[in-house]
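Asks: File my_file-v4.pdb follows (PDB, C-alpha atoms):
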ATOM      1  CA  MET A 223     123.781 107.378 118.448
ATOM      2  CA  ALA A 224     122.221 104.581 116.384
ATOM      3  CA  ASN A 225     120.451 107.145 114.203
ATOM      4  CA  LEU A 226     123.690 109.085 113.801
ATOM      5  CA  VAL A 227     125.585 105.979 112.629
ATOM      6  CA  LEU A 228     122.791 104.876 110.272
ATOM      7  CA  LEU A 229     122.356 108.315 108.711
ATOM      8  CA  LEU A 230     126.074 108.895 108.164
ATOM      9  CA  GLY A 231     126.404 105.386 106.747
ATOM     10  CA  VAL A 232     123.589 106.033 104.283
ATOM     11  CA  ALA A 233     125.076 109.431 103.441
ATOM     12  CA  ALA A 234     128.424 107.803 102.630
ATOM     13  CA  ALA A 235     126.875 104.950 100.641
ATOM     14  CA  LEU A 236     124.413 107.057  98.627
ATOM     15  CA  GLY A 237     126.246 110.381  98.586
ATOM     16  CA  ASP A 238     123.117 111.838 100.210
ATOM     17  CA  ALA A 239     123.812 115.350 101.515
ATOM     18  CA  GLU A 240     120.423 115.549 103.252
ATOM     19  CA  ALA A 241     121.098 112.400 105.294
ATOM     20  CA  ALA A 242     124.516 113.782 106.245
ATOM     21  CA  LEU A 243     122.984 117.085 107.376
ATOM     22  CA  ILE A 244     120.424 115.342 109.599
ATOM     23  CA  GLY A 245     123.193 113.109 110.963
ATOM     24  CA  VAL A 246     125.133 116.227 111.915
ATOM     25  CA  GLY A 247     121.997 117.482 113.657
ATOM     26  CA  PHE A 248     121.930 114.324 115.789
ATOM     27  CA  ALA A 249     125.627 114.776 116.592
ATOM     28  CA  ILE A 250     124.955 118.329 117.803
ATOM     29  CA  GLY A 251     121.986 117.152 119.875
ATOM     30  CA  LEU A 252     124.025 114.385 121.513
ATOM     31  CA  THR A 253     126.878 116.792 122.240
ATOM     32  CA  LEU A 254     124.514 119.264 123.898
ATOM     33  CA  LEU A 255     122.959 116.427 125.897
ATOM     34  CA  ASN A 256     126.382 115.297 127.171
ATOM     35  CA  LEU A 257     127.155 118.900 128.101
ATOM     36  CA  ARG A 258     123.935 118.841 130.166
ATOM     37  CA  HIS A 259     122.117 121.451 128.084
ATOM     38  CA  GLY A 260     118.867 119.608 128.775
ATOM     39  CA  LEU A 261     116.144 121.692 127.127
ATOM     40  CA  PRO A 262     117.941 122.680 123.875
ATOM     41  CA  SER A 263     119.287 119.155 123.318
ATOM     42  CA  ARG A 264     115.937 117.473 123.965
ATOM     43  CA  LEU A 265     114.054 119.901 121.718
ATOM     44  CA  LEU A 266     116.539 119.395 118.880
ATOM     45  CA  LEU A 267     116.544 115.607 119.217
ATOM     46  CA  LEU A 268     112.741 115.546 119.490
ATOM     47  CA  LEU A 269     112.340 117.456 116.205
ATOM     48  CA  LEU A 270     114.899 115.251 114.443
ATOM     49  CA  PHE A 271     113.272 112.023 115.695
ATOM     50  CA  ILE A 272     109.838 113.212 114.515
ATOM     51  CA  ASP A 273     111.200 114.216 111.095
ATOM     52  CA  VAL A 274     113.032 110.929 110.470
ATOM     53  CA  LEU A 275     110.178 108.818 111.868
ATOM     54  CA  ALA A 276     107.546 110.488 109.674
ATOM     55  CA  TRP A 277     109.454 109.831 106.440
ATOM     56  CA  MET A 278     110.946 106.451 107.279
ATOM     57  CA  LEU A 279     107.732 104.810 108.548
ATOM     58  CA  LEU A 280     105.972 105.700 105.292
ATOM     59  CA  GLY A 281     108.980 104.475 103.319
ATOM     60  CA  ALA A 282     109.150 101.141 105.148
ATOM     61  CA  ILE A 283     105.428 100.426 104.770
ATOM     62  CA  THR A 284     105.176 101.360 101.093
ATOM     63  CA  ASN A 285     108.346  99.497 100.140
ATOM     64  CA  ILE A 286     107.043  96.368 101.876
ATOM     65  CA  ALA A 287     103.682  96.780 100.140
ATOM     66  CA  ASN A 288     105.298  97.190  96.730
ATOM     67  CA  GLY A 289     107.765  94.318  97.059
ATOM     68  CA  GLY A 290     110.873  96.448  97.472
ATOM     69  CA  SER A 291     114.348  95.012  97.822
ATOM     70  CA  LEU A 292     115.731  93.941 101.206
ATOM     71  CA  ILE A 293     117.894  97.064 101.530
ATOM     72  CA  ALA A 294     114.956  99.299 100.494
ATOM     73  CA  ILE A 295     112.961  97.852 103.394
ATOM     74  CA  ALA A 296     115.748  97.392 105.955
ATOM     75  CA  VAL A 297     117.116 100.956 105.925
ATOM     76  CA  PRO A 298     113.838 102.824 106.566
ATOM     77  CA  ALA A 299     112.672 100.073 108.955
ATOM     78  CA  ALA A 300     115.860 100.378 111.026
ATOM     79  CA  LEU A 301     115.595 104.171 111.149
ATOM     80  CA  THR A 302     111.913 103.901 112.041
ATOM     81  CA  SER A 303     112.775 101.614 114.959
ATOM     82  CA  THR A 304     115.581 103.768 116.319
ATOM     83  CA  SER A 305     113.623 107.005 115.848
ATOM     84  CA  THR A 306     110.552 105.559 117.571
ATOM     85  CA  VAL A 307     112.623 104.455 120.559
ATOM     86  CA  GLY A 308     114.464 107.784 120.631
ATOM     87  CA  LEU A 309     111.265 109.828 120.406
ATOM     88  CA  VAL A 310     109.494 107.940 123.188
ATOM     89  CA  ALA A 311     112.644 107.831 125.351
ATOM     90  CA  THR A 312     113.027 111.600 125.027
ATOM     91  CA  LEU A 313     109.434 112.198 126.085
ATOM     92  CA  ALA A 314     109.606 109.561 128.839
ATOM     93  CA  GLY A 315     112.873 111.016 130.114
ATOM     94  CA  TRP A 316     111.187 114.390 130.418
ATOM     95  CA  ARG A 317     108.373 112.821 132.433
ATOM     96  CA  GLN A 318     110.811 110.921 134.637
ATOM     97  CA  ALA A 319     112.750 114.098 135.364
ATOM     98  CA  ARG A 320     109.486 115.572 136.641
ATOM     99  CA  GLY A 321     108.664 112.578 138.822
ATOM    100  CA  GLY A 322     106.622 110.624 136.223
ATOM    101  CA  THR A 323     106.906 106.958 135.249
ATOM    102  CA  GLY A 324     109.985 105.518 133.597
ATOM    103  CA  PRO A 325     110.393 104.908 129.855
ATOM    104  CA  LEU A 326     110.156 101.108 129.768
ATOM    105  CA  MET A 327     106.387 100.867 129.354
ATOM    106  CA  ALA A 328     106.385 103.659 126.766
ATOM    107  CA  LEU A 329     109.129 101.923 124.785
ATOM    108  CA  GLY A 330     107.127  98.695 124.787
ATOM    109  CA  VAL A 331     104.060 100.499 123.471
ATOM    110  CA  ALA A 332     106.123 102.231 120.767
ATOM    111  CA  GLY A 333     107.648  98.945 119.637
ATOM    112  CA  SER A 334     104.209  97.338 119.435
ATOM    113  CA  LEU A 335     102.829 100.210 117.345
ATOM    114  CA  PHE A 336     105.772  99.954 114.972
ATOM    115  CA  ALA A 337     105.267  96.210 114.540
ATOM    116  CA  VAL A 338     101.564  96.721 113.830
ATOM    117  CA  ALA A 339     102.361  99.397 111.239
ATOM    118  CA  LEU A 340     104.793  97.137 109.384
ATOM    119  CA  LEU A 341     102.356  94.219 109.460
ATOM    120  CA  ALA A 342      99.676  96.481 108.016
ATOM    121  CA  GLY A 343     102.043  97.285 105.159
ATOM    122  CA  LEU A 344     102.458  93.590 104.399
ATOM    123  CA  PHE A 345      98.744  93.305 103.615
ATOM    124  CA  THR A 346      98.633  96.322 101.299
ATOM    125  CA  SER A 347      98.456  95.237  97.658
ATOM    126  CA  SER A 348     100.442  96.824  94.862
ATOM    127  CA  GLY A 349      99.546  97.225  91.209
ATOM    128  CA  ALA A 350     101.586  95.978  88.259
ATOM    129  CA  ASN A 351     103.853  98.506  86.563
ATOM    130  CA  ALA A 352     103.319  99.564  82.971
ATOM    131  CA  THR A 353     106.141 100.166  80.502
ATOM    132  CA  ALA A 354     107.485 103.659  81.169
ATOM    133  CA  ASP A 355     107.795 106.166  78.327
ATOM    134  CA  VAL A 356     110.146 108.360  80.361
ATOM    135  CA  ARG A 357     112.464 107.437  83.229
ATOM    136  CA  VAL A 358     114.076 109.810  85.710
ATOM    137  CA  ARG A 359     116.140 109.214  88.851
ATOM    138  CA  SER A 360     116.554 111.304  91.997
ATOM    139  CA  GLU A 361     119.959 111.190  93.664
ATOM    140  CA  ASN A 362     121.708 113.534  96.094
ATOM    141  CA  VAL A 363     118.621 115.791  95.967
ATOM    142  CA  LEU A 364     118.841 116.208  92.188
ATOM    143  CA  PHE A 365     116.899 114.851  89.207
ATOM    144  CA  SER A 366     118.739 113.039  86.408
ATOM    145  CA  PRO A 367     118.130 113.811  83.609
ATOM    146  CA  THR A 368     116.547 117.222  83.999
ATOM    147  CA  ALA A 369     115.349 117.442  80.358
ATOM    148  CA  LEU A 370     112.725 114.846  79.375
ATOM    149  CA  GLU A 371     110.880 114.302  76.090
ATOM    150  CA  ALA A 372     107.710 112.380  75.262
ATOM    151  CA  GLN A 373     105.057 112.082  72.562
ATOM    152  CA  SER A 374     101.701 113.726  73.149
ATOM    153  CA  GLY A 375      98.846 111.637  74.458
ATOM    154  CA  GLN A 376      99.066 109.249  77.370
ATOM    155  CA  VAL A 377     102.515 109.402  79.001
ATOM    156  CA  THR A 378     103.919 107.094  81.687
ATOM    157  CA  VAL A 379     106.775 108.496  83.809
ATOM    158  CA  GLU A 380     108.836 106.345  86.178
ATOM    159  CA  LEU A 381     110.782 107.910  89.044
ATOM    160  CA  SER A 382     113.372 105.901  90.980
ATOM    161  CA  ASN A 383     114.618 107.387  94.239
ATOM    162  CA  GLY A 384     118.263 106.887  95.227
ATOM    163  CA  ASP A 385     118.095 109.174  98.269
ATOM    164  CA  LEU A 386     117.225 108.427 101.889
ATOM    165  CA  PHE A 387     114.153 110.670 102.036
ATOM    166  CA  TRP A 388     111.023 110.878  99.889
ATOM    167  CA  HIS A 389     110.852 112.813  96.636
ATOM    168  CA  THR A 390     108.007 113.705  94.321
ATOM    169  CA  PHE A 391     107.686 114.153  90.571
ATOM    170  CA  THR A 392     105.181 116.987  90.320
ATOM    171  CA  ILE A 393     103.776 118.811  87.272
ATOM    172  CA  ASP A 394     101.153 121.298  88.372
ATOM    173  CA  GLU A 395      99.734 121.989  84.896
ATOM    174  CA  LEU A 396      99.024 118.298  84.257
ATOM    175  CA  GLY A 397      97.865 117.366  87.746
ATOM    176  CA  VAL A 398     100.809 114.983  88.261
ATOM    177  CA  ASP A 399     102.059 114.390  91.820
ATOM    178  CA  LEU A 400     104.032 111.135  92.114
ATOM    179  CA  ALA A 401     105.557 110.406  95.560
ATOM    180  CA  VAL A 402     108.445 107.904  95.828
ATOM    181  CA  PRO A 403     110.057 106.606  99.071
ATOM    182  CA  VAL A 404     113.699 105.688  99.737
ATOM    183  CA  SER A 405     115.082 103.193  97.214
ATOM    184  CA  GLY A 406     111.603 102.978  95.698
ATOM    185  CA  SER A 407     110.418 103.207  92.109
ATOM    186  CA  ARG A 408     106.935 104.445  91.149
ATOM    187  CA  GLN A 409     105.056 105.327  87.981
ATOM    188  CA  ALA A 410     102.436 107.890  86.993
ATOM    189  CA  THR A 411     100.368 107.796  83.791
ATOM    190  CA  PHE A 412      98.687 110.980  82.581
ATOM    191  CA  ASP A 413      97.436 112.751  79.451
ATOM    192  CA  ALA A 414      99.858 115.365  78.113
ATOM    193  CA  PRO A 415      99.107 117.721  75.203
ATOM    194  CA  PRO A 416     102.053 119.228  73.269
ATOM    195  CA  GLY A 417     104.009 121.799  75.236
ATOM    196  CA  THR A 418     106.841 122.319  77.705
ATOM    197  CA  TYR A 419     106.157 121.608  81.357
ATOM    198  CA  ARG A 420     108.170 122.232  84.515
ATOM    199  CA  PHE A 421     108.521 119.283  86.888
ATOM    200  CA  TYR A 422     109.856 119.544  90.430
ATOM    201  CA  CYS A 423     109.945 117.889  93.853
ATOM    202  CA  ARG A 424     107.406 119.500  96.182
ATOM    203  CA  ILE A 425     109.097 118.350  99.416
ATOM    204  CA  PRO A 426     109.887 121.552 101.387
ATOM    205  CA  GLY A 427     113.432 122.695 100.656
ATOM    206  CA  HIS A 428     113.711 120.554  97.498
ATOM    207  CA  GLU A 429     111.604 122.602  95.094
ATOM    208  CA  THR A 430     114.370 125.058  94.156
ATOM    209  CA  ARG A 431     117.030 122.363  93.653
ATOM    210  CA  MET A 432     115.076 119.489  92.108
ATOM    211  CA  VAL A 433     113.602 120.901  88.898
ATOM    212  CA  GLY A 434     113.510 120.004  85.219
ATOM    213  CA  THR A 435     111.436 120.255  82.041
ATOM    214  CA  LEU A 436     109.268 117.771  80.180
ATOM    215  CA  THR A 437     108.851 118.559  76.476
ATOM    216  CA  VAL A 438     105.834 116.932  74.849
ATOM    217  CA  ARG A 439     105.941 116.835  71.033
TER     218      ARG A 439
END
Could you write out this file's structure as structure tokens?
Replies:
Amino acid sequence: MANLVLLLGVAAALGDAEAALIGVGFAIGLTLLNLRHGLPSRLLLLLLFIDVLAWMLLGAITNIANGGSLIAIAVPAALTSTSTVGLVATLAGWRQARGGTGPLMALGVAGSLFAVALLAGLFTSSGANATADVRVRSENVLFSPTALEAQSGQVTVELSNGDLFWHTFTIDELGVDLAVPVSGSRQATFDAPPGTYRFYCRIPGHETRMVGTLTVR
């Protein structure tokens, strides 16, 4: 329920369709659970917890390491906490139903691992940003703008992410693959000869929607 509220809140605040869709998934899982459809509900919730945890833990750690804003750290950290508890509780509940131990010890271990992960992020250094030649923003699983221009030679691109989940700025021909977490901003510097290049987000399901062109003069 905490994940559902957080995801729908983020979806409303950011206009993030992906967060809304995952929130709906949690609502379906909770409904099935209340209707005592044990196996389908637990499988669905397990997959959703793993998905959210994988992205949000990385987002929390990297935003801490790179001096992100309070909201950029708090949102993924909160979702990491709730997803960790939900994941372990789902697994522990399965064990308990089969006569195993209760979830309390497992929840304590999960909380400790999460705290260690965040502390590790605090000690990760970040490099200073250069002046960007081109800036692009990702929002509601779209790039803006989708047509970029730069002079040939060394080009620095900055991507800021306004969505809940990670995005990448990827140009296969130039070997560019910049990954940016929730509310984060990252840069990539690369050599670009004259030409027109397709950039996209390589996150599964995003590559057909998040595309654009970089024209190098």
Asks: Name the residues that the PyMOL selection byres ((chain A and resi 382) around 12) picks from the file above, as a short mmCIF file (atom, residue, chain, number, x, y, z; two decimals) with C-alpha atoms, in the coordinates of the input, using the file's chain letters and numbers.
Replies:
data_model
loop_
_atom_site.label_atom_id
_atom_site.label_comp_id
_atom_site.auth_asym_id
_atom_site.auth_seq_id
_atom_site.Cartn_x
_atom_site.Cartn_y
_atom_site.Cartn_z
CA GLY A 290 110.87 96.45 97.47
CA ALA A 294 114.96 99.30 100.49
CA ALA A 354 107.48 103.66 81.17
CA VAL A 356 110.15 108.36 80.36
CA ARG A 357 112.46 107.44 83.23
CA VAL A 358 114.08 109.81 85.71
CA ARG A 359 116.14 109.21 88.85
CA SER A 360 116.55 111.30 92.00
CA GLU A 361 119.96 111.19 93.66
CA LEU A 364 118.84 116.21 92.19
CA PHE A 365 116.90 114.85 89.21
CA SER A 366 118.74 113.04 86.41
CA PRO A 367 118.13 113.81 83.61
CA VAL A 379 106.78 108.50 83.81
CA GLU A 380 108.84 106.34 86.18
CA LEU A 381 110.78 107.91 89.04
CA ASN A 383 114.62 107.39 94.24
CA GLY A 384 118.26 106.89 95.23
CA ASP A 385 118.10 109.17 98.27
CA LEU A 386 117.22 108.43 101.89
CA TRP A 388 111.02 110.88 99.89
CA HIS A 389 110.85 112.81 96.64
CA THR A 390 108.01 113.70 94.32
CA PHE A 391 107.69 114.15 90.57
CA LEU A 400 104.03 111.14 92.11
CA ALA A 401 105.56 110.41 95.56
CA VAL A 402 108.44 107.90 95.83
CA PRO A 403 110.06 106.61 99.07
CA VAL A 404 113.70 105.69 99.74
CA SER A 405 115.08 103.19 97.21
CA GLY A 406 111.60 102.98 95.70
CA SER A 407 110.42 103.21 92.11
CA ARG A 408 106.94 104.44 91.15
CA GLN A 409 105.06 105.33 87.98
CA ALA A 410 102.44 107.89 86.99
#
Asks: Would you mind telling me which residue in A:Ser305, A:Thr368, A:Thr378, A:Thr312 lies nearest to Tyr419 of chain A when using only C-alpha atoms?
Replies: A:Thr368
Asks: With distances taken over all atoms listed in the file, which of A:Leu309, A:Leu228, A:Val398, A:Ala414 is nearest to Asp273 of chain A?
Replies: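 The answer is A:Leu309, which sits nearest to Asp273 of chain A.
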Asks: Please write as an MDAnalysis selection string the full residue list that the PyMOL selection byres ((chain A and resi 237-247) around 9) yields on this file.
Replies: chainID A and resid 225:236 248:252 266:267 270 274 361:363 384:387
Asks: Restricting the calculation to only C-alpha atoms: of A:Val438, A:Val433, A:Pro298, A:Phe271, which residue gets closest to Val310 of chain A?
Replies: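 Ranking A:Val438, A:Val433, A:Pro298, A:Phe271 by distance to Val310 of chain A, first place goes to A:Phe271.
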Asks: Can you work out which one of A:Gly417, A:Ala369, A:Asp394, A:Met223 has the shortest atom-to-atom distance to Gly434 of chain A, counting all atoms listed in the file?
Replies: A:Ala369
Asks: Using all atoms listed in the file, which of A:Leu257, A:Leu275, A:Leu396, A:Ile293 sits nearest Thr306 of chain A?
Replies: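 Once distances to Thr306 of chain A are computed over all atoms listed in the file, the minimum belongs to A:Leu275.
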Asks: Neighbours of Gln376 of chain A within 10 Å (all atoms listed in the file; same-chain residues fewer than 5 positions away dropped), as a list in words?
Replies: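 Skipping anything fewer than 5 positions along the chain leaves Asp355, Thr411, Phe412, Asp413, Ala414 and Pro415 of chain A.
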Asks: Just C-alpha atoms for this one: save the residues we selected as a PDB file, in the coordinates of the input.
Replies:
ATOM      1  CA  ASP A 355     107.795 106.166  78.327  1.00  0.00           C
ATOM      2  CA  THR A 411     100.368 107.796  83.791  1.00  0.00           C
ATOM      3  CA  PHE A 412      98.687 110.980  82.581  1.00  0.00           C
ATOM      4  CA  ASP A 413      97.436 112.751  79.451  1.00  0.00           C
ATOM      5  CA  ALA A 414      99.858 115.365  78.113  1.00  0.00           C
ATOM      6  CA  PRO A 415      99.107 117.721  75.203  1.00  0.00           C
TER       7      PRO A 415
END
Asks: Could you check how far atom CA of Thr392 of chain A sits from atom CA of Thr430 of chain A, in Å to one decimal?
Replies: 12.8 Å
Asks: Residues picked by the PyMOL selection byres ((chain A and resi 300) around 10) here, as a PyMOL selection string?
Replies: chain A and resi 224-225+228+278-279+282+295-299+301-306
Asks: What is the atom CA of Glu395 of chain A-atom CA of Thr418 of chain A distance in Å, reported with one decimal?
Replies: 10.1 Å
Asks: Can you tell me how far atom CA of Ile425 of chain A sits from atom CA of Ile393 of chain A, in Å to one decimal?
Replies: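 Answer for the atom CA of Ile425 of chain A to atom CA of Ile393 of chain A separation: 13.3 Å.
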Asks: Which one of A:Leu370, A:Arg439, A:Leu268, A:Ser291 sits closest to Phe421 of chain A if you count only C-alpha atoms?
Replies: A:Leu370
